[in-house]
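What follows is the content of input.cif, which has mmCIF, C-alpha atoms:
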data_final
#
loop_
_atom_site.label_atom_id
_atom_site.label_comp_id
_atom_site.auth_asym_id
_atom_site.auth_seq_id
_atom_site.Cartn_x
_atom_site.Cartn_y
_atom_site.Cartn_z
CA MET Q 850 -14.11 0.41 -29.54
CA GLN Q 851 -13.15 3.56 -27.67
CA PRO Q 852 -9.59 3.57 -26.29
CA SER Q 853 -9.33 2.59 -22.62
CA SER Q 854 -7.70 5.06 -20.25
CA TYR Q 855 -7.96 3.37 -16.84
CA TRP Q 856 -5.00 0.99 -17.09
CA VAL Q 857 -1.64 1.82 -15.54
CA GLU Q 858 1.98 0.83 -15.89
CA LEU Q 859 3.69 0.18 -12.56
CA SER Q 860 7.40 0.90 -12.20
CA TYR Q 861 10.09 1.43 -9.59
CA GLU Q 862 13.10 3.64 -10.30
CA GLY Q 863 12.50 3.24 -14.04
CA ARG Q 864 12.06 -0.54 -13.99
CA VAL Q 865 8.66 -1.71 -15.27
CA LEU Q 866 7.04 -4.15 -12.85
CA GLY Q 867 3.75 -4.90 -14.61
CA GLY Q 868 0.31 -3.56 -15.30
CA GLY Q 869 -2.66 -2.56 -13.20
CA LEU Q 870 -6.06 -0.95 -13.47
CA LEU Q 871 -8.04 1.70 -11.68
CA VAL Q 872 -10.95 0.25 -9.73
CA GLN Q 873 -11.98 3.26 -7.69
CA ARG Q 874 -11.84 7.01 -8.08
CA GLY Q 875 -8.89 8.68 -6.41
CA GLY Q 876 -6.17 6.36 -7.64
CA VAL Q 877 -7.09 2.93 -6.21
CA ILE Q 878 -5.33 0.34 -8.38
CA LEU Q 879 -5.70 -3.42 -8.66
CA THR Q 880 -2.70 -5.45 -9.81
CA ALA Q 881 -1.19 -8.92 -9.63
CA ALA Q 882 0.70 -9.30 -6.35
CA HIS Q 883 3.61 -11.09 -8.03
CA CYS Q 884 4.32 -7.90 -10.00
CA LEU Q 885 5.49 -6.34 -6.71
CA ARG Q 886 8.02 -9.05 -5.80
CA ALA Q 887 10.86 -7.03 -7.31
CA LEU Q 888 10.22 -4.12 -4.93
CA PRO Q 889 13.06 -3.77 -2.41
CA SER Q 890 12.04 -3.99 1.24
CA GLU Q 891 12.90 -0.34 1.82
CA ALA Q 892 10.63 0.90 -0.99
CA LYS Q 893 7.86 3.13 0.34
CA THR Q 894 6.23 4.04 -2.97
CA LEU Q 895 6.28 3.14 -6.64
CA THR Q 896 5.21 4.96 -9.78
CA ALA Q 897 1.95 4.43 -11.66
CA THR Q 898 1.67 5.84 -15.17
CA LEU Q 899 -1.91 6.16 -16.34
CA ALA Q 900 -2.38 5.10 -19.99
CA CYS Q 901 1.22 6.18 -20.81
CA GLU Q 902 0.50 9.77 -19.75
CA THR Q 903 -0.13 10.91 -16.17
CA GLU Q 904 2.36 9.78 -13.50
CA PHE Q 905 1.58 9.59 -9.79
CA GLU Q 906 3.08 7.91 -6.75
CA VAL Q 907 1.29 4.96 -5.14
CA ARG Q 908 1.85 2.75 -2.13
CA VAL Q 909 0.86 -0.83 -1.38
CA ASP Q 910 -2.41 -0.79 0.53
CA GLU Q 911 -3.38 -4.46 0.81
CA VAL Q 912 -2.21 -7.83 -0.49
CA ALA Q 913 -5.00 -10.40 -0.76
CA ASP Q 914 -5.50 -13.99 -1.83
CA TRP Q 915 -5.61 -14.91 -5.52
CA ASP Q 916 -2.20 -13.25 -6.18
CA LEU Q 917 -3.84 -9.82 -6.02
CA ALA Q 918 -2.78 -6.51 -4.51
CA LEU Q 919 -4.39 -3.12 -4.05
CA LEU Q 920 -2.43 0.12 -4.37
CA THR Q 921 -3.54 3.65 -3.47
CA ALA Q 922 -2.32 7.02 -4.70
CA VAL Q 923 -0.24 9.03 -2.25
CA ASP Q 924 -2.15 12.10 -3.47
CA PRO Q 925 -5.66 11.00 -4.55
CA GLY Q 926 -6.27 14.38 -6.17
CA GLN Q 927 -3.72 13.55 -8.87
CA CYS Q 928 -5.87 10.73 -10.22
CA ASP Q 929 -9.49 11.78 -10.23
CA TYR Q 930 -10.59 9.33 -12.91
CA LEU Q 931 -13.71 7.20 -12.98
CA PRO Q 932 -13.23 3.41 -12.87
CA PRO Q 933 -14.49 1.29 -15.78
CA GLN Q 934 -17.74 -0.58 -16.00
CA THR Q 935 -17.49 -4.31 -15.40
CA ASP Q 936 -19.23 -7.10 -17.25
CA CYS Q 937 -19.14 -10.86 -17.80
CA CYS Q 938 -18.00 -12.78 -20.86
CA SER Q 939 -18.97 -16.04 -22.52
CA PRO Q 940 -17.14 -18.70 -24.53
CA GLN Q 941 -16.26 -17.51 -28.04
CA ASP Q 942 -16.36 -13.82 -27.07
CA THR Q 943 -13.46 -11.78 -28.41
CA TRP Q 944 -11.27 -10.24 -25.72
CA SER Q 945 -8.42 -7.72 -25.76
CA ALA Q 946 -5.85 -6.29 -23.35
CA PRO Q 947 -5.15 -2.54 -23.52
CA TYR Q 948 -1.97 -2.73 -21.40
CA ARG Q 949 1.34 -3.86 -22.91
CA PRO Q 950 4.79 -3.85 -21.25
CA SER Q 951 6.33 -1.41 -23.72
CA LEU Q 952 5.61 0.38 -26.97
CA SER Q 953 7.61 -2.30 -28.79
CA ASP Q 954 5.33 -5.08 -27.50
CA PRO Q 955 2.09 -6.03 -29.26
CA HIS Q 956 -1.38 -5.67 -27.83
CA LEU Q 957 -2.91 -9.01 -26.92
CA ASP Q 958 -6.27 -10.29 -28.07
CA GLY Q 959 -7.97 -13.61 -28.62
CA VAL Q 960 -11.02 -15.70 -27.82
CA VAL Q 961 -12.59 -16.61 -24.48
CA ILE Q 962 -12.55 -20.37 -23.80
CA ALA Q 963 -14.38 -20.17 -20.45
CA GLY Q 964 -16.00 -17.08 -18.98
CA GLN Q 965 -15.97 -18.51 -15.46
CA CYS Q 966 -14.08 -21.57 -14.24
CA ASP Q 967 -12.08 -22.77 -11.25
CA TYR Q 968 -8.32 -22.59 -11.82
CA GLY Q 969 -5.44 -23.55 -9.53
CA LEU Q 970 -2.66 -20.97 -9.43
CA ARG Q 971 0.94 -22.10 -9.05
CA ASP Q 972 0.80 -21.32 -5.32
CA GLY Q 973 -2.08 -23.78 -4.91
CA THR Q 974 -4.84 -21.16 -4.56
CA THR Q 975 -8.04 -21.85 -6.49
CA ILE Q 976 -9.54 -18.80 -8.16
CA THR Q 977 -12.55 -18.02 -10.31
CA ALA Q 978 -10.92 -17.39 -13.65
CA LEU Q 979 -11.34 -16.58 -17.30
CA GLU Q 980 -9.58 -19.04 -19.61
CA LEU Q 981 -8.36 -17.27 -22.73
CA THR Q 982 -6.60 -18.15 -25.94
CA VAL Q 983 -4.26 -15.47 -27.24
CA ARG Q 984 -3.69 -14.81 -30.91
CA GLN Q 985 -0.13 -13.46 -30.54
CA LEU Q 986 2.28 -16.39 -30.13
CA LEU Q 987 5.02 -14.78 -28.05
CA GLY Q 988 6.27 -17.70 -25.98
CA ASP Q 989 6.39 -15.50 -22.85
CA TYR Q 990 3.56 -13.27 -21.62
CA SER Q 991 4.89 -12.51 -18.13
CA GLY Q 992 5.25 -8.78 -18.75
CA TYR Q 993 1.50 -8.48 -19.27
CA SER Q 994 0.58 -9.57 -15.73
CA GLY Q 995 -1.74 -7.27 -13.82
CA GLY Q 996 -3.25 -5.76 -16.95
CA PRO Q 997 -6.99 -5.65 -17.61
CA VAL Q 998 -8.96 -7.97 -19.88
CA GLU Q 999 -11.81 -6.37 -21.84
CA VAL Q 1000 -14.69 -7.39 -24.05
CA GLU Q 1001 -16.72 -5.05 -26.23
CA VAL Q 1002 -20.35 -4.40 -25.37
CA GLY Q 1003 -22.29 -1.98 -27.56
CA GLY Q 1004 -19.08 -0.55 -28.97
CA GLN Q 1005 -17.68 0.20 -25.50
CA PRO Q 1006 -14.96 -1.67 -23.56
CA ARG Q 1007 -16.10 -3.54 -20.47
CA LEU Q 1008 -13.69 -4.83 -17.84
CA VAL Q 1009 -14.00 -8.60 -17.26
CA GLY Q 1010 -10.71 -9.74 -15.72
CA ILE Q 1011 -7.12 -9.12 -14.66
CA LEU Q 1012 -4.30 -11.18 -16.22
CA LEU Q 1013 -2.43 -13.41 -13.77
CA GLU Q 1014 -0.83 -16.50 -15.31
CA GLN Q 1015 0.29 -18.02 -18.56
CA TYR Q 1016 -0.15 -21.73 -19.09
CA PRO Q 1017 3.14 -23.55 -19.82
CA ASP Q 1018 3.82 -25.26 -23.11
CA ARG Q 1019 3.92 -28.94 -22.20
CA SER Q 1020 6.35 -29.72 -25.00
CA ASP Q 1021 8.79 -26.93 -24.05
CA ALA Q 1022 8.99 -25.89 -20.39
CA THR Q 1023 10.84 -22.69 -21.31
CA LYS Q 1024 7.84 -21.33 -23.20
CA ALA Q 1025 4.21 -20.53 -22.54
CA SER Q 1026 1.32 -21.89 -24.55
CA ASN Q 1027 -1.21 -19.54 -26.09
CA VAL Q 1028 -3.54 -20.03 -23.09
CA LEU Q 1029 -3.76 -17.35 -20.40
CA PHE Q 1030 -5.74 -17.20 -17.17
CA ALA Q 1031 -7.21 -14.05 -15.69
CA ALA Q 1032 -9.02 -13.54 -12.40
CA HIS Q 1033 -12.71 -12.81 -12.92
CA ILE Q 1034 -12.90 -9.11 -12.03
CA ARG Q 1035 -16.03 -9.24 -9.89
CA HIS Q 1036 -14.70 -12.14 -7.85
CA ALA Q 1037 -11.25 -10.51 -7.60
CA ILE Q 1038 -12.70 -7.38 -6.00
CA LEU Q 1039 -14.36 -9.54 -3.33
CA GLN Q 1040 -10.93 -10.60 -2.03
CA PHE Q 1041 -10.27 -7.21 -0.40
CA ARG Q 1042 -11.59 -6.54 3.08
CA ARG Q 1043 -11.41 -2.77 2.84
CA PHE Q 1044 -12.98 -2.35 -0.56
CA ASP Q 1045 -16.51 -1.06 -1.13
CA ILE Q 1046 -17.56 -3.18 -4.10
CA GLY Q 1047 -21.14 -2.02 -4.59
CA HIS Q 1048 -20.43 0.39 -7.44
CA LEU Q 1049 -18.78 -2.37 -9.52
CA LEU Q 1050 -21.59 -4.93 -9.31
CA PRO Q 1051 -25.12 -5.20 -10.70
CA GLY Q 1052 -27.60 -3.19 -8.66
CA GLY Q 1053 -24.86 -0.99 -7.23
CA THR Q 1054 -25.56 2.72 -7.22
CA PRO Q 1055 -23.30 5.63 -6.37
CA ARG Q 1056 -23.95 7.40 -3.10
CA SER Q 1057 -26.11 10.47 -3.52
CA GLY Q 1058 -27.95 13.01 -1.46
CA PRO Q 1059 -26.85 15.12 1.50
CA ALA Q 1060 -24.75 12.36 3.11
CA ALA Q 1061 -22.61 12.02 -0.02
CA VAL Q 1062 -22.16 15.77 -0.41
CA SER Q 1063 -21.24 16.46 3.19
CA GLY Q 1064 -19.09 13.35 3.60
CA SER Q 1065 -21.13 12.27 6.62
CA ARG Q 1066 -22.81 8.88 6.79
CA PRO Q 1067 -25.61 7.67 9.04
CA GLU Q 1068 -24.48 5.42 11.88
CA VAL Q 1069 -24.97 1.75 11.03
CA SER Q 1070 -24.21 -0.95 13.58
CA PRO Q 1071 -21.66 -3.63 12.58
CA THR Q 1072 -24.40 -6.24 12.91
CA ALA Q 1073 -26.78 -4.40 10.58
CA HIS Q 1074 -23.99 -3.81 8.10
CA ALA Q 1075 -23.01 -7.51 8.14
CA GLU Q 1076 -26.62 -8.60 7.70
CA ARG Q 1077 -27.01 -6.28 4.71
CA ARG Q 1078 -23.79 -7.54 3.13
CA LEU Q 1079 -24.76 -11.20 3.68
CA LYS Q 1080 -28.16 -10.59 2.10
CA GLN Q 1081 -26.47 -8.99 -0.91
CA VAL Q 1082 -24.08 -11.91 -1.32
CA ARG Q 1083 -26.99 -14.38 -1.21
CA GLU Q 1084 -28.70 -12.38 -3.97
CA TRP Q 1085 -25.51 -12.45 -6.07
CA ARG Q 1086 -25.25 -16.22 -5.60
CA GLU Q 1087 -28.90 -16.76 -6.59
CA THR Q 1088 -28.52 -14.63 -9.72
CA GLU Q 1089 -25.14 -16.28 -10.54
CA VAL Q 1090 -23.22 -13.01 -10.36
CA ILE Q 1091 -20.73 -14.92 -8.22
CA SER Q 1092 -20.12 -18.65 -7.92
CA PRO Q 1093 -21.12 -20.66 -4.82
CA ARG Q 1094 -17.43 -21.03 -3.94
CA ALA Q 1095 -16.82 -17.27 -4.07
CA ALA Q 1096 -20.06 -16.59 -2.18
CA GLU Q 1097 -19.03 -18.92 0.64
CA ALA Q 1098 -15.60 -17.31 0.93
CA THR Q 1099 -17.16 -13.85 0.96
CA GLU Q 1100 -19.68 -14.80 3.64
CA LEU Q 1101 -16.86 -16.08 5.85
CA ARG Q 1102 -14.94 -12.84 5.33
CA ILE Q 1103 -17.99 -10.76 6.27
CA LEU Q 1104 -18.48 -12.81 9.43
CA ARG Q 1105 -14.82 -12.36 10.39
CA MET Q 1106 -15.16 -8.61 9.92
CA TRP Q 1107 -18.32 -8.63 12.06
CA LEU Q 1108 -16.54 -10.54 14.84
CA ASP Q 1109 -13.68 -8.01 14.74
CA ALA Q 1110 -16.17 -5.16 15.05
CA GLU Q 1111 -18.31 -6.88 17.74
CA PRO Q 1112 -15.75 -8.48 20.08
CA ASP Q 1113 -18.36 -9.26 22.71
CA GLY Q 1114 -20.67 -10.97 20.21
CA ASP Q 1115 -23.39 -8.35 20.72
CA THR Q 1116 -25.97 -8.95 18.00
CA GLY Q 1117 -28.09 -5.97 18.97
CA ALA Q 1118 -31.13 -8.22 19.44
#

Show me the file's structure as structure tokens.
Amino acid sequence: MQPSSYWVELSYEGRVLGGGLLVQRGGVILTAAHCLRALPSEAKTLTATLACETEFEVRVDEVADWDLALLTAVDPGQCDYLPPQTDCCSPQDTWSAPYRPSLSDPHLDGVVIAGQCDYGLRDGTTITALELTVRQLLGDYSGYSGGPVEVEVGGQPRLVGILLEQYPDRSDATKASNVLFAAHIRHAILQFRRFDIGHLLPGGTPRSGPAAVSGSRPEVSPTAHAERRLKQVREWRETEVISPRAAEATELRILRMWLDAEPDGDTGA
């Protein structure tokens, strides 16, 4: 497998907060929201270190459900890297995690128990998750939160999830079992209102042609845009790219965005 270069280490004034991963060109980073709890209220930016090499400053852009947060680079030109390709995984697939809290910590790997299941986070939120066993018995995996989960497809890494929680050891409350839960990456991206998810999902194509080169885009009414998004979500549900639960939540979010954009309820009909 080729080494992954899209993961980041997040830190503030030298203190490591957790991991993250690039999901869009220009330094857009997805991480676990609980990794940011240690940030002081006065903090305006934090540091992202890309694959232990390039450092750049980022700020919190959006905090969403599912214990997820989106960060953006203060200077997008410092991080002009392509995001990874996403994929799905199945029970018994081998997974690995390229991010680790420090050079003295081991890389994690193991076997997928469930490639898509409902899981209740500690805050009561139900997410679409990957259930994973981990081969390294560390007793505490908290430093790995926010890091990507990969599987190998054709000798190349494919992004399938983002690590969020460790399952407690029922015989010893001070330790974690060797079961981890990660948010399913395609469902995780759907939690963000501002995020253009087309390039990360099946059928998505990068923008091309004169509009992409010039930076201009044809005018599309909020109603037409909402209708197109709803149609796409229905197609994803029918092809099982996303679960019915995630599809319903996404449809509601699209409708809320449409109502915000069309305050008078003008459907254009």

Using only C-alpha atoms for the distances, tell me which of Q:Ser854, Q:Ser1020, Q:Thr977, Q:Ser953 is nearest to Pro1093 in chain Q. Q:Thr977

Could you work out how far CA of Gly867 in chain Q lies from CA of Leu981 in chain Q, giving the answer in Å with one decimal? 19.1 Å

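With distances restricted to only C-alpha atoms, Q:Ile962 is the closest residue to Ala1031 in chain Q from Q:Arg1083, Q:Ile962, Q:Gln934, Q:Glu1097.
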
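Applied to this file, the PyMOL selection byres ((chain Q and resi 950) around 10) selects the residues Glu858, Leu859, Val865, Leu866, Gly867, Gly868, Tyr948, Arg949, Ser951, Leu952, Ser953, Asp954, Pro955, His956, Tyr990, Ser991, Gly992, Tyr993, Ser994 and Gly996 of chain Q.
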
Quick check, in Å to one decimal: how far apart do CA of Leu931 in chain Q and CA of Val912 in chain Q lie? 22.7 Å

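Using only C-alpha atoms for every distance, the candidate list Q:Gln927, Q:Gln1015, Q:Thr1072, Q:Gln1040 yields Q:Gln927 as the residue closest to Gly875 in chain Q.
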
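With all atoms listed in the file as the atoms that count, the minimum distance from Gly1003 in chain Q to the choices Q:Thr898, Q:Thr982, Q:Ala922, Q:Asp936 is reached by Q:Asp936.
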
Tell me which residues come within 12 Å of (-3.5, 5.0, -19.0), as a VMD selection string, counting only C-alpha atoms in the file's coordinates. chain Q and resid 852 to 859 868 to 871 876 878 897 to 905 928 930 932 947 to 949 996 to 997

Got a sec to check which residues sit within 6 Å of (-12.9, -12.2, -28.8), counting all atoms listed in the file, and write them as an MDAnalysis selection string? chainID Q and resid 942:944 959:960

Using only C-alpha atoms, which protein or nucleic acid residues come within 12 Å of Arg971 in chain Q? Drop anything in the same chain fewer than 6 positions from it, and give the result as a ChimeraX atom specification. /Q:883,915-916,1013-1017,1030

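Among the candidates Q:Leu895, Q:Cys966, Q:Val877, Q:Cys938, the residue lying nearest to Gly926 in chain Q is Q:Val877 (atoms considered: only C-alpha atoms).
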
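Here, the PyMOL selection byres ((chain Q and resi 957) around 7) matches Ser945, Ala946, Pro955, His956, Asp958, Val983 and Gln985 of chain Q.
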
Could you save the residues just selected, with C-alpha atoms, as a compact mmCIF listing (two decimals), in the coordinates of the input?
# COMPACT_ATOMS: atom_id res chain seq x y z
CA SER Q 945 -8.42 -7.72 -25.76
CA ALA Q 946 -5.85 -6.29 -23.35
CA PRO Q 955 2.09 -6.03 -29.26
CA HIS Q 956 -1.38 -5.67 -27.83
CA ASP Q 958 -6.27 -10.29 -28.07
CA VAL Q 983 -4.26 -15.47 -27.24
CA GLN Q 985 -0.13 -13.46 -30.54

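Minimum atom-to-atom distance to Glu891 in chain Q, evaluated using only C-alpha atoms, belongs to Q:Tyr861 out of Q:Asp910, Q:Asp1018, Q:Pro1006, Q:Tyr861.
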
How would you write, as a VMD selection string, the residues chosen by the PyMOL selection byres ((chain Q and resi 1037) around 10) on this structure? chain Q and resid 879 913 to 918 976 to 978 1010 to 1011 1031 to 1036 1038 to 1041 1095
